[in-house]
Amino acid sequence: QVSRSEEARNILIQNDRGGYTIPTAGLYPYQWNWDSAITAMGFAEFDIGRAWQELETLFSGQWADGMVPHILFHKADAGYFPGPDVWGGTGPIPSSGITQPPVAATMARLIWNKDRSAGTPRLKTLWPKLRAWHTWFLKWRLDQGAVCVTHPWEAGRDNAPDWDGVMERIDPVGVGEYERRDTSHVDGSMRPTKHDYDRYIWLVQMGNRLKWDQAKLLEENPFRIADPTMTFLLLRAHRDLLAVGEELGLQTAGMAEEIALLEKGAATLWNPELKSYDSRDAKTGLWTGCISNASYLCWLAGLDSPDQAAHLERSLERVKFGVASYDPTGEKFDSKRYWRGPTWAFMNFLIGLGLEEQQHPLAPRLRAVTREVIRQHGFAEYFDPTDGSPAGGQSFTWTAAVWLGWAS
Ligand code: DGY
């Protein structure tokens, strides 16, 4: 009988493509940005050098303007669409043209704290690159201090109900014929709809046409949403980067002010009617009206909210197998469809870590439910939160990493 921990290590090793790890064979055959950062934490449990290497390989794809792409296409793979030619990334490695939530600095600090003598030289080299990435967000993505996403894939929460309003307003004219590959790996009922996919691709084509020029995109792109995923995770990552920079004696001038600005931005995401952190359309000023698992990242960002905690408690009462990615009492809740209901182990980890640091009474529950769902159902991409059944891709790297680094 192979233990879950052995299984988890084997998944990381099997999905290792030499310096970087793919999320899962078939469905996601490249290096994904935030997947890699979470994976590094898993590697740190048994191979600290490999953990640093995962982050270093990710930053080898950093663009001249500081952006770190959401996908690095190190080696071509016909099983994935949209590939490098559709994206037309302009960085040193074939890549996508958007980014993903910046969790790398937070994971780097955790890894560094496990073994400072091994980590200090690696982190010193990485630090200015992390800073340049964060600076890019501050330059291009702020709305009243909150951080915006410009494509649903950028938030990582691809088909979250948060984007429904703006997606409805986009007319994907000229998107043309294309062949989806995701639904040949995973059942279509667990994936975004064609309506959404047409718009994902249309947005990619626009970015490619504009050569990912951020100033032009700022004018043309109708998709600009201030989002709790980006805002809370950048706020947290910037706090980590500052703390580490001070300890290492690096140049941290201006960072405290940047953190204060992001704190103000985070406050602008509080929707008083919903009594929850929410996404706000930066183009229209309208709330999206969504209580999502990203709303619960406030604790990780160093904030507290009794109202948000009350929502979390109600959600955990309603569905027993983890934090639902969308309000389980909401009309749009769909327990199997990706970011419209399913629970994600790595999100439970990020939420749980924030609660643990604040010694919040809900903290032990998050770890316990995440441990239990993985113990019972293995290393799925995500899980149906109503019965725990595994969904999406299997042998999933970041689920294994969360087991090793936190849940087990
Ligand atoms: C996909 O292909 O659905 C991915 O989530 C894009 O990053």
# chains A, B, ... in the order shown; residues from 1 in each chain; ligands from 1

call {"tool": "residues_near_ligand", "arguments": {"ligand": "ligand 1", "cutoff": "8 Å", "atoms": "only C-alpha atoms and all ligand atoms", "output": "ChimeraX atom specification"}}
result
/A:27-28,32,70-71,80-82,153-154,156-158,182,191-192

call {"tool": "residues_around", "arguments": {"residues": "Ile291 in chain A", "least_positions_apart": "3", "cutoff": "12 Å", "atoms": "only C-alpha atoms", "output": "ChimeraX atom specification"}}
result
/A:160-162,227-229,269-271,273-279,287-288,294-297,307-312,314-315,323-333,339-341

call {"tool": "residues_around", "arguments": {"residues": "Glu177 in chain A", "least_positions_apart": "6", "cutoff": "12 Å", "atoms": "only C-alpha atoms", "output": "list in words"}}
result
Lys194, Tyr197, Asp198, Ile201 and Trp202 of chain A

call {"tool": "closest_residue", "arguments": {"among": "A:Gly42, A:Gly91, A:Pro361, A:Gly289", "to": "Ala407 in chain A", "atoms": "only C-alpha atoms"}}
result
A:Gly42

call {"tool": "residues_around", "arguments": {"residues": "Glu372 in chain A", "least_positions_apart": "2", "cutoff": "12 Å", "atoms": "only C-alpha atoms", "output": "PyMOL selection string"}}
result
chain A and resi 4+320-322+345+365-370+374-379+383+385+387-389+403+407-408

call {"tool": "select_by_dssp", "arguments": {"residues": "range 48-172 of chain A", "states": "helix (DSSP H, G or I)", "output": "VMD selection string"}}
result
chain A and resid 48 to 59 84 to 87 104 to 114 116 to 140 152 to 155 161 to 169

call {"tool": "atom_distance", "arguments": {"atom1": "CA of Thr397 in chain A", "atom2": "CA of Gly19 in chain A"}}
result
14.2 Å
